[in-house]
Amino acid sequence: MGIPAAPSLSERYQEATNYTPASVQGHPGLDFSSQPSPFKDWFQARRVELPGGPGTETSPSPGALDAERLGRLLYHTYGVTLVREFPGMSMHYRAAPSAGGLYPADLYVAVRDVEGVPDGIFAYDARDHSLVICWEGDFWPDLAACTFAHPSVARARAVLIGTGVYERSAWRYGDRAYRRVLLDAGHVFGNAVLAAVPDGQRLVPLPYFADAGVSGLLLLDEAREGPLLLGAVLDAPDDDAGMRPTRASRSPVDRDSADPDEGHWIPRLHQAGNIQRFTPAETSLLRDEEVRGESMVLPADPLATGQAVLEAIRRRRSTRVFSAGDLPLEAVGRILAHAYPRPGSPDPEAGLAPPVLQTHIAVAGVKGLASGVYRYDPAAHAITLVRPGSPRDALHRCCLWQELARDCAFAVLHSFDLPAAVAAYGERIYRTAHLEAGLIGQRLNMAALRLGYGASGVGGFFDDFLNALLLIPPQHAIAYVTAVGLPE
Ligand SMILES: Cc1cc2nc3c(=O)[nH]c(=O)nc-3n(C[C@H](O)[C@H](O)[C@H](O)COP(=O)(O)O)c2cc1C
């Protein structure tokens, strides 16, 4: 036996930010006077008004990207869909959910040759559904270099750039905020993938890009904000495999540096995942271990595409309270099929390479399905029981005693073998796995809502308790939990 490798920075971060009953009960409470704004202020900025936003008819029509389709895409990706007045503040709820409603993700878009919008790089200001002009001109040579000449960028006339402003979330969640910033950005891009389709567009998520180049283009202060995920918007979707986000790049592994001080983990871990050039990674290194037992193929009737997708995004809200009552098995199958589309389904792919996420379903109230914890195999759209018995009480305890977790009909849990993933792909896999978990989380949310049910992300959980519930090794990282059920 060789000497075990020293833990990577991602593993050390995971350990340092695990919730335990003591760490949660010891939280000092929130100081609302120091809460950062969820919006950037743009002084003396020139803007481009966008059509296709709040108050407009939702009438998508497949065609070439123009100002209206771009406006519609941005609005249904991350626009303001509800404003609520609270004493002393207005709360702007967005098309995508956000842990704690803190909205750390920001959205930029690079545009060329789009009728009604000048060429340039813009920040999307959701408050008035406008584009703030950052730079005018055609930045495709820079974008092509930053995305290592990904073929989708050469064909795109718009590229979305998602960033994370760490302090907005760290104000409440401390160093653990990075996980939620990534999950939030995944949700935002999950919307973009879904919202592009009714207008005849396709969004190709690009998780591998030269970080310094993108930060430089946007003039980001890297101590406070990092680029997280890019997405090429393509006209006329087709099945060209070269356009898929299948390529994964390796990044370095940091086993040597000293741990950062508390409060300083986020920019360090983000930088540890940065890449400058594309170094192809073997995508077959992480094979799923075999799950023993009989598997059951789930129903998979697809959901309608088109206008209904946009209407559902507009009225989407996270479920706050689930009522007792079971979901039919058919609903579980359809929700999962929508979240993990397989070849031939009407929905575009959801996964980001390399495929490291494992999926468990904790079933507590589904007609026709025994309660218990199941492994889900997206390729076969089948589940295998790994632990019989109701997980209700365990979910309640594992998810910080949140009633939402106790009362849901089923929960979808994403995890990955963190040490193996980092050894195979480098520190950036921490980012990619969480972005993907958020992206799938948004598809789960939307499918549940469209079928008349409810869903909520759950980012607050005791990591080790969940490992024990799922019977997975303690070094596996739990990325995310999505609770689905009957809304009260
Ligand atoms: C990554 C993530 C984690 C979340 N975690 C929780 C959670 O632990 N408990 C909870 O009640 N809601 C959770 N939510 C839901 C948010 O509270 C909700 O999205 C936010 O309040 C905005 O409301 P809306 O989704 O209805 O627009 C989470 C959402 C996301 C995206």
# chains A, B, ... in the order shown; residues from 1 in each chain; ligands from 1

$ residues_around --residues "range 303-311 of chain A" --least-positions-apart "3" --cutoff "10 Å" --atoms "only C-alpha atoms" --output "ChimeraX atom specification"
/A:57-62,72-73,75-77,95,191,194-200,300,314-316,334-335,337-338,345-347,446-447,450-451

$ write_last_selection --atoms "N, CA and C atoms" --output "compact mmCIF listing (two decimals), in the first residue's frame"
# COMPACT_ATOMS: atom_id res chain seq x y z
N GLU A 57 -46.16 39.91 -23.24
CA GLU A 57 -46.75 38.61 -23.57
C GLU A 57 -45.63 37.59 -23.71
N THR A 58 -45.87 36.39 -23.22
CA THR A 58 -44.88 35.34 -23.43
C THR A 58 -45.22 34.61 -24.71
N SER A 59 -44.69 35.09 -25.83
CA SER A 59 -45.03 34.42 -27.09
C SER A 59 -43.76 34.11 -27.85
N PRO A 60 -43.11 33.02 -27.48
CA PRO A 60 -41.87 32.67 -28.17
C PRO A 60 -42.15 32.23 -29.60
N SER A 61 -41.22 32.44 -30.49
CA SER A 61 -41.35 31.95 -31.86
C SER A 61 -39.96 31.58 -32.35
N PRO A 62 -39.77 30.32 -32.71
CA PRO A 62 -38.43 29.89 -33.12
C PRO A 62 -37.91 30.74 -34.27
N ARG A 72 -35.97 37.93 -24.00
CA ARG A 72 -36.79 36.86 -23.42
C ARG A 72 -35.91 35.82 -22.72
N LEU A 73 -34.79 35.53 -23.37
CA LEU A 73 -33.89 34.53 -22.77
C LEU A 73 -33.34 35.04 -21.43
N TYR A 75 -34.56 37.37 -19.46
CA TYR A 75 -35.61 37.53 -18.45
C TYR A 75 -35.95 36.18 -17.81
N HIS A 76 -36.09 35.16 -18.65
CA HIS A 76 -36.48 33.85 -18.10
C HIS A 76 -35.30 33.10 -17.51
N THR A 77 -34.11 33.65 -17.69
CA THR A 77 -32.94 33.06 -17.04
C THR A 77 -32.76 33.62 -15.63
N ALA A 95 -36.06 34.87 -11.48
CA ALA A 95 -36.52 33.69 -12.22
C ALA A 95 -35.86 32.42 -11.68
N ASN A 191 -32.11 27.41 -16.00
CA ASN A 191 -33.17 28.19 -16.65
C ASN A 191 -32.81 28.53 -18.08
N LEU A 194 -33.31 25.73 -20.49
CA LEU A 194 -34.73 25.45 -20.75
C LEU A 194 -35.39 26.58 -21.55
N ALA A 195 -35.05 27.82 -21.19
CA ALA A 195 -35.75 28.97 -21.79
C ALA A 195 -35.31 29.23 -23.23
N ALA A 196 -34.15 28.73 -23.61
CA ALA A 196 -33.66 28.97 -24.97
C ALA A 196 -34.51 28.21 -25.99
N VAL A 197 -35.00 27.05 -25.62
CA VAL A 197 -35.61 26.13 -26.58
C VAL A 197 -36.87 26.68 -27.26
N PRO A 198 -37.84 27.26 -26.51
CA PRO A 198 -39.06 27.72 -27.18
C PRO A 198 -38.80 28.77 -28.26
N ASP A 199 -37.69 29.49 -28.19
CA ASP A 199 -37.37 30.49 -29.22
C ASP A 199 -36.42 29.93 -30.27
N GLY A 200 -36.30 28.62 -30.34
CA GLY A 200 -35.47 28.01 -31.38
C GLY A 200 -33.99 28.15 -31.13
N ALA A 300 -41.52 7.63 -18.12
CA ALA A 300 -40.72 8.76 -18.63
C ALA A 300 -41.45 9.64 -19.62
N ARG A 314 -41.94 31.97 -15.15
CA ARG A 314 -42.46 33.24 -14.62
C ARG A 314 -43.19 33.07 -13.30
N ARG A 315 -43.89 31.96 -13.17
CA ARG A 315 -44.66 31.82 -11.92
C ARG A 315 -43.95 30.96 -10.88
N ARG A 316 -42.73 30.53 -11.20
CA ARG A 316 -42.00 29.65 -10.29
C ARG A 316 -41.73 30.30 -8.93
N ARG A 334 -41.42 11.08 -14.34
CA ARG A 334 -41.42 12.19 -15.31
C ARG A 334 -40.50 13.32 -14.85
N ILE A 335 -40.48 13.59 -13.54
CA ILE A 335 -39.64 14.67 -13.03
C ILE A 335 -38.16 14.31 -13.24
N ALA A 337 -36.95 12.15 -15.45
CA ALA A 337 -36.65 12.08 -16.89
C ALA A 337 -36.41 13.48 -17.44
N HIS A 338 -37.14 14.46 -16.93
CA HIS A 338 -36.96 15.83 -17.39
C HIS A 338 -35.63 16.40 -16.89
N SER A 345 -34.64 12.47 -26.26
CA SER A 345 -35.72 13.19 -25.57
C SER A 345 -35.79 14.61 -26.16
N PRO A 346 -36.96 15.28 -26.05
CA PRO A 346 -37.08 16.60 -26.67
C PRO A 346 -36.25 17.68 -25.98
N ASP A 347 -35.69 17.37 -24.81
CA ASP A 347 -34.95 18.39 -24.06
C ASP A 347 -33.45 18.31 -24.32
N MET A 446 -38.39 22.80 -12.00
CA MET A 446 -39.33 23.20 -13.06
C MET A 446 -40.24 22.06 -13.45
N ALA A 447 -39.72 20.84 -13.48
CA ALA A 447 -40.56 19.69 -13.84
C ALA A 447 -41.62 19.48 -12.77
N ARG A 450 -44.27 22.16 -13.11
CA ARG A 450 -45.10 22.03 -14.30
C ARG A 450 -46.09 20.89 -14.17
N LEU A 451 -45.80 19.93 -13.32
CA LEU A 451 -46.74 18.83 -13.11
C LEU A 451 -47.70 19.12 -11.95

$ residues_near_ligand --ligand "ligand 1" --cutoff "6 Å" --atoms "only C-alpha atoms and all ligand atoms" --output "list in words"
Tyr93, Arg94, Pro97, Ser98, Ala99, Gly100, Gly101, Arg180, Leu183, Asp184, Arg317, Ser318, Ser456, Gly457, Val458, Gly459 and Gly460 of chain A

$ closest_residue --among "A:Arg428, A:Pro104, A:Asp41, A:Glu330" --to "Arg268 in chain A" --atoms "only C-alpha atoms"
A:Arg428

$ residues_around --residues "Gln358 in chain A" --least-positions-apart "5" --cutoff "6 Å" --atoms "only C-alpha atoms" --output "VMD selection string"
chain A and resid 414 to 416

$ write_last_selection --atoms "all heavy atoms" --output "mmCIF file, in the first residue's frame"
data_model
loop_
_atom_site.group_PDB
_atom_site.id
_atom_site.type_symbol
_atom_site.label_atom_id
_atom_site.label_comp_id
_atom_site.auth_asym_id
_atom_site.auth_seq_id
_atom_site.Cartn_x
_atom_site.Cartn_y
_atom_site.Cartn_z
ATOM 1 N N HIS A 414 -27.523 14.692 -4.537
ATOM 2 C CA HIS A 414 -26.357 14.565 -5.418
ATOM 3 C C HIS A 414 -25.073 14.533 -4.593
ATOM 4 O O HIS A 414 -24.881 15.348 -3.700
ATOM 5 C CB HIS A 414 -26.295 15.747 -6.396
ATOM 6 C CG HIS A 414 -27.326 15.647 -7.466
ATOM 7 N ND1 HIS A 414 -28.343 16.548 -7.618
ATOM 8 C CD2 HIS A 414 -27.504 14.720 -8.427
ATOM 9 C CE1 HIS A 414 -29.099 16.178 -8.636
ATOM 10 N NE2 HIS A 414 -28.620 15.079 -9.136
ATOM 11 N N SER A 415 -24.217 13.583 -4.931
ATOM 12 C CA SER A 415 -22.943 13.470 -4.217
ATOM 13 C C SER A 415 -21.858 13.094 -5.226
ATOM 14 O O SER A 415 -22.164 12.741 -6.370
ATOM 15 C CB SER A 415 -23.037 12.388 -3.141
ATOM 16 O OG SER A 415 -23.301 11.133 -3.743
ATOM 17 N N PHE A 416 -20.610 13.195 -4.814
ATOM 18 C CA PHE A 416 -19.531 12.705 -5.682
ATOM 19 C C PHE A 416 -18.335 12.309 -4.833
ATOM 20 O O PHE A 416 -18.153 12.809 -3.711
ATOM 21 C CB PHE A 416 -19.165 13.703 -6.781
ATOM 22 C CG PHE A 416 -18.631 15.040 -6.310
ATOM 23 C CD1 PHE A 416 -17.294 15.381 -6.506
ATOM 24 C CD2 PHE A 416 -19.450 15.972 -5.688
ATOM 25 C CE1 PHE A 416 -16.797 16.613 -6.100
ATOM 26 C CE2 PHE A 416 -18.966 17.205 -5.272
ATOM 27 C CZ PHE A 416 -17.637 17.528 -5.479
#

$ atom_distance --atom1 "CA of His27 in chain A" --atom2 "CA of Val484 in chain A"
27.9 Å

$ atom_distance --atom1 "CA of Ala421 in chain A" --atom2 "CA of Gln271 in chain A"
17.6 Å

$ residues_around --residues "Ala154 in chain A" --least-positions-apart "4" --cutoff "10 Å" --atoms "only C-alpha atoms" --output "number ranges by chain"
A: 140-141, 143-144, 147, 149-150, 232, 234

$ atom_distance --atom1 "CA of Arg406 in chain A" --atom2 "CA of Asp393 in chain A"
6.2 Å

$ residues_around --residues "Thr482 in chain A" --least-positions-apart "4" --cutoff "8 Å" --atoms "only C-alpha atoms" --output "mmCIF file with N, CA and C atoms, in the first residue's frame"
data_model
loop_
_atom_site.group_PDB
_atom_site.id
_atom_site.type_symbol
_atom_site.label_atom_id
_atom_site.label_comp_id
_atom_site.auth_asym_id
_atom_site.auth_seq_id
_atom_site.Cartn_x
_atom_site.Cartn_y
_atom_site.Cartn_z
ATOM 1 N N ALA A 411 -36.813 13.188 -1.992
ATOM 2 C CA ALA A 411 -35.701 14.128 -2.124
ATOM 3 C C ALA A 411 -34.676 13.523 -3.076
ATOM 4 N N VAL A 412 -34.096 14.383 -3.906
ATOM 5 C CA VAL A 412 -33.041 13.946 -4.823
ATOM 6 C C VAL A 412 -31.720 14.451 -4.249
ATOM 7 N N LEU A 413 -30.774 13.545 -4.067
ATOM 8 C CA LEU A 413 -29.504 13.931 -3.421
ATOM 9 C C LEU A 413 -28.342 13.678 -4.365
ATOM 10 N N GLY A 441 -30.784 20.626 -10.439
ATOM 11 C CA GLY A 441 -31.758 21.059 -9.428
ATOM 12 C C GLY A 441 -32.825 21.961 -10.039
ATOM 13 N N LEU A 444 -35.224 19.852 -11.985
ATOM 14 C CA LEU A 444 -36.129 19.142 -11.074
ATOM 15 C C LEU A 444 -37.228 20.082 -10.596
ATOM 16 N N ASN A 445 -36.821 21.287 -10.187
ATOM 17 C CA ASN A 445 -37.779 22.297 -9.728
ATOM 18 C C ASN A 445 -38.848 22.555 -10.788
ATOM 19 N N ALA A 455 -41.328 22.174 -5.224
ATOM 20 C CA ALA A 455 -39.948 21.749 -4.981
ATOM 21 C C ALA A 455 -39.189 22.882 -4.317
ATOM 22 N N SER A 456 -38.123 22.510 -3.623
ATOM 23 C CA SER A 456 -37.204 23.518 -3.093
ATOM 24 C C SER A 456 -35.808 22.934 -3.017
ATOM 25 N N GLY A 457 -34.830 23.767 -3.308
ATOM 26 C CA GLY A 457 -33.454 23.394 -3.039
ATOM 27 C C GLY A 457 -33.247 23.366 -1.538
ATOM 28 N N VAL A 458 -32.351 22.511 -1.085
ATOM 29 C CA VAL A 458 -31.978 22.472 0.331
ATOM 30 C C VAL A 458 -30.449 22.447 0.393
#

$ decode --residues "range 223-373 of chain A" --atoms "C-alpha atoms" --output "PDB file, in the first residue's frame"
ATOM      1  CA  ALA A 223     -10.830  38.606  -4.506  1.00  0.00           C
ATOM      2  CA  ARG A 224     -14.564  39.272  -4.510  1.00  0.00           C
ATOM      3  CA  GLU A 225     -16.029  37.893  -7.723  1.00  0.00           C
ATOM      4  CA  GLY A 226     -15.185  35.005 -10.018  1.00  0.00           C
ATOM      5  CA  PRO A 227     -16.464  33.856 -13.403  1.00  0.00           C
ATOM      6  CA  LEU A 228     -18.286  30.536 -12.912  1.00  0.00           C
ATOM      7  CA  LEU A 229     -19.924  29.300 -16.084  1.00  0.00           C
ATOM      8  CA  LEU A 230     -20.256  30.412 -19.699  1.00  0.00           C
ATOM      9  CA  GLY A 231     -22.965  29.460 -22.180  1.00  0.00           C
ATOM     10  CA  ALA A 232     -22.998  29.793 -25.959  1.00  0.00           C
ATOM     11  CA  VAL A 233     -26.423  30.660 -27.409  1.00  0.00           C
ATOM     12  CA  LEU A 234     -26.915  28.960 -30.781  1.00  0.00           C
ATOM     13  CA  ASP A 235     -29.567  29.477 -33.458  1.00  0.00           C
ATOM     14  CA  ALA A 236     -31.212  26.459 -35.049  1.00  0.00           C
ATOM     15  CA  PRO A 237     -30.553  23.667 -32.595  1.00  0.00           C
ATOM     16  CA  ASP A 238     -29.237  20.520 -34.127  1.00  0.00           C
ATOM     17  CA  ASP A 239     -27.610  17.337 -32.961  1.00  0.00           C
ATOM     18  CA  ASP A 240     -24.063  18.186 -33.858  1.00  0.00           C
ATOM     19  CA  ALA A 241     -22.027  16.394 -31.198  1.00  0.00           C
ATOM     20  CA  GLY A 242     -19.232  18.991 -31.456  1.00  0.00           C
ATOM     21  CA  MET A 243     -21.615  21.542 -29.994  1.00  0.00           C
ATOM     22  CA  ARG A 244     -22.125  19.614 -26.783  1.00  0.00           C
ATOM     23  CA  PRO A 245     -20.332  20.476 -23.562  1.00  0.00           C
ATOM     24  CA  THR A 246     -18.598  17.108 -23.499  1.00  0.00           C
ATOM     25  CA  ARG A 247     -14.983  18.207 -23.229  1.00  0.00           C
ATOM     26  CA  ALA A 248     -13.417  18.318 -19.789  1.00  0.00           C
ATOM     27  CA  SER A 249     -10.130  19.956 -18.924  1.00  0.00           C
ATOM     28  CA  ARG A 250      -7.820  18.946 -16.134  1.00  0.00           C
ATOM     29  CA  SER A 251      -6.759  21.546 -13.600  1.00  0.00           C
ATOM     30  CA  PRO A 252      -3.899  21.443 -11.073  1.00  0.00           C
ATOM     31  CA  VAL A 253      -4.243  19.834  -7.632  1.00  0.00           C
ATOM     32  CA  ASP A 254      -3.134  21.778  -4.559  1.00  0.00           C
ATOM     33  CA  ARG A 255      -1.994  19.393  -1.828  1.00  0.00           C
ATOM     34  CA  ASP A 256       0.818  21.532  -0.453  1.00  0.00           C
ATOM     35  CA  SER A 257      -0.397  25.001   0.437  1.00  0.00           C
ATOM     36  CA  ALA A 258      -1.375  25.932   3.985  1.00  0.00           C
ATOM     37  CA  ASP A 259      -5.080  26.248   4.727  1.00  0.00           C
ATOM     38  CA  PRO A 260      -6.399  29.800   4.370  1.00  0.00           C
ATOM     39  CA  ASP A 261      -7.671  31.554   7.482  1.00  0.00           C
ATOM     40  CA  GLU A 262     -11.366  31.366   8.216  1.00  0.00           C
ATOM     41  CA  GLY A 263     -13.225  33.793   5.974  1.00  0.00           C
ATOM     42  CA  HIS A 264     -10.634  33.502   3.184  1.00  0.00           C
ATOM     43  CA  TRP A 265     -11.380  30.099   1.675  1.00  0.00           C
ATOM     44  CA  ILE A 266     -13.582  31.149  -1.215  1.00  0.00           C
ATOM     45  CA  PRO A 267     -11.233  33.131  -3.490  1.00  0.00           C
ATOM     46  CA  ARG A 268      -8.454  30.627  -2.714  1.00  0.00           C
ATOM     47  CA  LEU A 269     -10.503  27.589  -3.705  1.00  0.00           C
ATOM     48  CA  HIS A 270     -11.859  29.370  -6.736  1.00  0.00           C
ATOM     49  CA  GLN A 271      -8.360  30.267  -7.888  1.00  0.00           C
ATOM     50  CA  ALA A 272      -7.144  26.732  -7.248  1.00  0.00           C
ATOM     51  CA  GLY A 273      -9.653  25.569  -9.881  1.00  0.00           C
ATOM     52  CA  ASN A 274      -8.541  28.104 -12.477  1.00  0.00           C
ATOM     53  CA  ILE A 275      -7.125  26.966 -15.799  1.00  0.00           C
ATOM     54  CA  GLN A 276      -5.091  28.807 -18.390  1.00  0.00           C
ATOM     55  CA  ARG A 277      -5.124  26.258 -21.166  1.00  0.00           C
ATOM     56  CA  PHE A 278      -7.176  23.245 -22.115  1.00  0.00           C
ATOM     57  CA  THR A 279      -5.652  19.980 -20.930  1.00  0.00           C
ATOM     58  CA  PRO A 280      -7.907  17.130 -22.044  1.00  0.00           C
ATOM     59  CA  ALA A 281      -9.015  14.887 -19.193  1.00  0.00           C
ATOM     60  CA  GLU A 282      -9.866  11.218 -19.477  1.00  0.00           C
ATOM     61  CA  THR A 283     -13.617  11.086 -18.957  1.00  0.00           C
ATOM     62  CA  SER A 284     -13.728   7.366 -18.206  1.00  0.00           C
ATOM     63  CA  LEU A 285     -11.687   7.439 -15.006  1.00  0.00           C
ATOM     64  CA  LEU A 286     -14.610   7.599 -12.643  1.00  0.00           C
ATOM     65  CA  ARG A 287     -16.777   4.617 -13.319  1.00  0.00           C
ATOM     66  CA  ASP A 288     -19.805   4.267 -11.118  1.00  0.00           C
ATOM     67  CA  GLU A 289     -19.443   1.394  -8.726  1.00  0.00           C
ATOM     68  CA  GLU A 290     -21.981  -1.344  -9.292  1.00  0.00           C
ATOM     69  CA  VAL A 291     -25.177  -1.239  -7.264  1.00  0.00           C
ATOM     70  CA  ARG A 292     -26.482  -4.664  -6.323  1.00  0.00           C
ATOM     71  CA  GLY A 293     -30.164  -5.467  -6.377  1.00  0.00           C
ATOM     72  CA  GLU A 294     -33.093  -5.422  -8.693  1.00  0.00           C
ATOM     73  CA  SER A 295     -33.564  -2.236 -10.628  1.00  0.00           C
ATOM     74  CA  MET A 296     -36.869  -0.729 -11.656  1.00  0.00           C
ATOM     75  CA  VAL A 297     -37.271   1.342 -14.800  1.00  0.00           C
ATOM     76  CA  LEU A 298     -39.369   4.456 -14.188  1.00  0.00           C
ATOM     77  CA  PRO A 299     -42.074   5.990 -16.386  1.00  0.00           C
ATOM     78  CA  ALA A 300     -40.717   8.758 -18.626  1.00  0.00           C
ATOM     79  CA  ASP A 301     -43.512  10.520 -20.489  1.00  0.00           C
ATOM     80  CA  PRO A 302     -41.830  13.816 -21.549  1.00  0.00           C
ATOM     81  CA  LEU A 303     -43.191  17.244 -20.663  1.00  0.00           C
ATOM     82  CA  ALA A 304     -44.406  19.569 -23.413  1.00  0.00           C
ATOM     83  CA  THR A 305     -41.887  22.092 -24.693  1.00  0.00           C
ATOM     84  CA  GLY A 306     -42.765  25.589 -25.946  1.00  0.00           C
ATOM     85  CA  GLN A 307     -44.505  28.506 -24.304  1.00  0.00           C
ATOM     86  CA  ALA A 308     -45.462  26.476 -21.208  1.00  0.00           C
ATOM     87  CA  VAL A 309     -41.787  26.396 -20.208  1.00  0.00           C
ATOM     88  CA  LEU A 310     -41.549  30.195 -20.082  1.00  0.00           C
ATOM     89  CA  GLU A 311     -44.877  30.581 -18.305  1.00  0.00           C
ATOM     90  CA  ALA A 312     -43.766  28.116 -15.645  1.00  0.00           C
ATOM     91  CA  ILE A 313     -40.506  29.998 -15.077  1.00  0.00           C
ATOM     92  CA  ARG A 314     -42.459  33.237 -14.620  1.00  0.00           C
ATOM     93  CA  ARG A 315     -44.663  31.823 -11.922  1.00  0.00           C
ATOM     94  CA  ARG A 316     -42.004  29.650 -10.290  1.00  0.00           C
ATOM     95  CA  ARG A 317     -41.450  29.947  -6.542  1.00  0.00           C
ATOM     96  CA  SER A 318     -39.801  27.550  -4.148  1.00  0.00           C
ATOM     97  CA  THR A 319     -42.252  25.595  -2.040  1.00  0.00           C
ATOM     98  CA  ARG A 320     -42.098  26.725   1.578  1.00  0.00           C
ATOM     99  CA  VAL A 321     -44.340  24.065   3.147  1.00  0.00           C
ATOM    100  CA  PHE A 322     -45.198  20.595   1.880  1.00  0.00           C
ATOM    101  CA  SER A 323     -48.498  18.995   2.861  1.00  0.00           C
ATOM    102  CA  ALA A 324     -48.858  15.360   3.775  1.00  0.00           C
ATOM    103  CA  GLY A 325     -49.917  13.363   0.752  1.00  0.00           C
ATOM    104  CA  ASP A 326     -48.263  11.033  -1.679  1.00  0.00           C
ATOM    105  CA  LEU A 327     -47.101  11.667  -5.225  1.00  0.00           C
ATOM    106  CA  PRO A 328     -47.840   9.077  -7.906  1.00  0.00           C
ATOM    107  CA  LEU A 329     -44.898   7.028  -9.116  1.00  0.00           C
ATOM    108  CA  GLU A 330     -45.486   8.382 -12.603  1.00  0.00           C
ATOM    109  CA  ALA A 331     -44.661  11.896 -11.374  1.00  0.00           C
ATOM    110  CA  VAL A 332     -41.333  10.764  -9.925  1.00  0.00           C
ATOM    111  CA  GLY A 333     -40.415   9.172 -13.258  1.00  0.00           C
ATOM    112  CA  ARG A 334     -41.417  12.185 -15.306  1.00  0.00           C
ATOM    113  CA  ILE A 335     -39.638  14.672 -13.026  1.00  0.00           C
ATOM    114  CA  LEU A 336     -36.406  12.656 -13.132  1.00  0.00           C
ATOM    115  CA  ALA A 337     -36.655  12.084 -16.887  1.00  0.00           C
ATOM    116  CA  HIS A 338     -36.963  15.832 -17.392  1.00  0.00           C
ATOM    117  CA  ALA A 339     -34.018  16.555 -15.121  1.00  0.00           C
ATOM    118  CA  TYR A 340     -31.752  13.972 -16.784  1.00  0.00           C
ATOM    119  CA  PRO A 341     -32.814  13.939 -20.432  1.00  0.00           C
ATOM    120  CA  ARG A 342     -31.539  10.966 -22.410  1.00  0.00           C
ATOM    121  CA  PRO A 343     -30.625  10.902 -26.094  1.00  0.00           C
ATOM    122  CA  GLY A 344     -33.753  11.251 -28.200  1.00  0.00           C
ATOM    123  CA  SER A 345     -35.724  13.195 -25.574  1.00  0.00           C
ATOM    124  CA  PRO A 346     -37.076  16.605 -26.674  1.00  0.00           C
ATOM    125  CA  ASP A 347     -34.948  18.395 -24.059  1.00  0.00           C
ATOM    126  CA  PRO A 348     -31.322  19.418 -24.465  1.00  0.00           C
ATOM    127  CA  GLU A 349     -28.674  17.664 -22.399  1.00  0.00           C
ATOM    128  CA  ALA A 350     -28.141  18.766 -18.834  1.00  0.00           C
ATOM    129  CA  GLY A 351     -24.854  17.216 -17.802  1.00  0.00           C
ATOM    130  CA  LEU A 352     -21.506  18.949 -17.600  1.00  0.00           C
ATOM    131  CA  ALA A 353     -18.446  16.830 -18.332  1.00  0.00           C
ATOM    132  CA  PRO A 354     -16.986  14.837 -16.717  1.00  0.00           C
ATOM    133  CA  PRO A 355     -19.899  12.867 -15.227  1.00  0.00           C
ATOM    134  CA  VAL A 356     -18.950  12.567 -11.574  1.00  0.00           C
ATOM    135  CA  LEU A 357     -22.273  13.107  -9.812  1.00  0.00           C
ATOM    136  CA  GLN A 358     -24.095  10.210  -8.212  1.00  0.00           C
ATOM    137  CA  THR A 359     -27.812  10.471  -7.606  1.00  0.00           C
ATOM    138  CA  HIS A 360     -29.866   9.036  -4.753  1.00  0.00           C
ATOM    139  CA  ILE A 361     -33.600   9.338  -4.301  1.00  0.00           C
ATOM    140  CA  ALA A 362     -34.934   9.273  -0.745  1.00  0.00           C
ATOM    141  CA  VAL A 363     -38.563   8.217  -1.105  1.00  0.00           C
ATOM    142  CA  ALA A 364     -40.954   9.008   1.732  1.00  0.00           C
ATOM    143  CA  GLY A 365     -44.389   9.381   0.147  1.00  0.00           C
ATOM    144  CA  VAL A 366     -44.806   7.924  -3.346  1.00  0.00           C
ATOM    145  CA  LYS A 367     -47.801   5.761  -4.252  1.00  0.00           C
ATOM    146  CA  GLY A 368     -46.640   2.456  -5.672  1.00  0.00           C
ATOM    147  CA  LEU A 369     -43.052   2.777  -4.441  1.00  0.00           C
ATOM    148  CA  ALA A 370     -41.785   1.417  -1.133  1.00  0.00           C
ATOM    149  CA  SER A 371     -40.231   4.110   1.062  1.00  0.00           C
ATOM    150  CA  GLY A 372     -36.469   3.957   1.237  1.00  0.00           C
ATOM    151  CA  VAL A 373     -33.269   5.259  -0.271  1.00  0.00           C
TER     152      VAL A 373
END
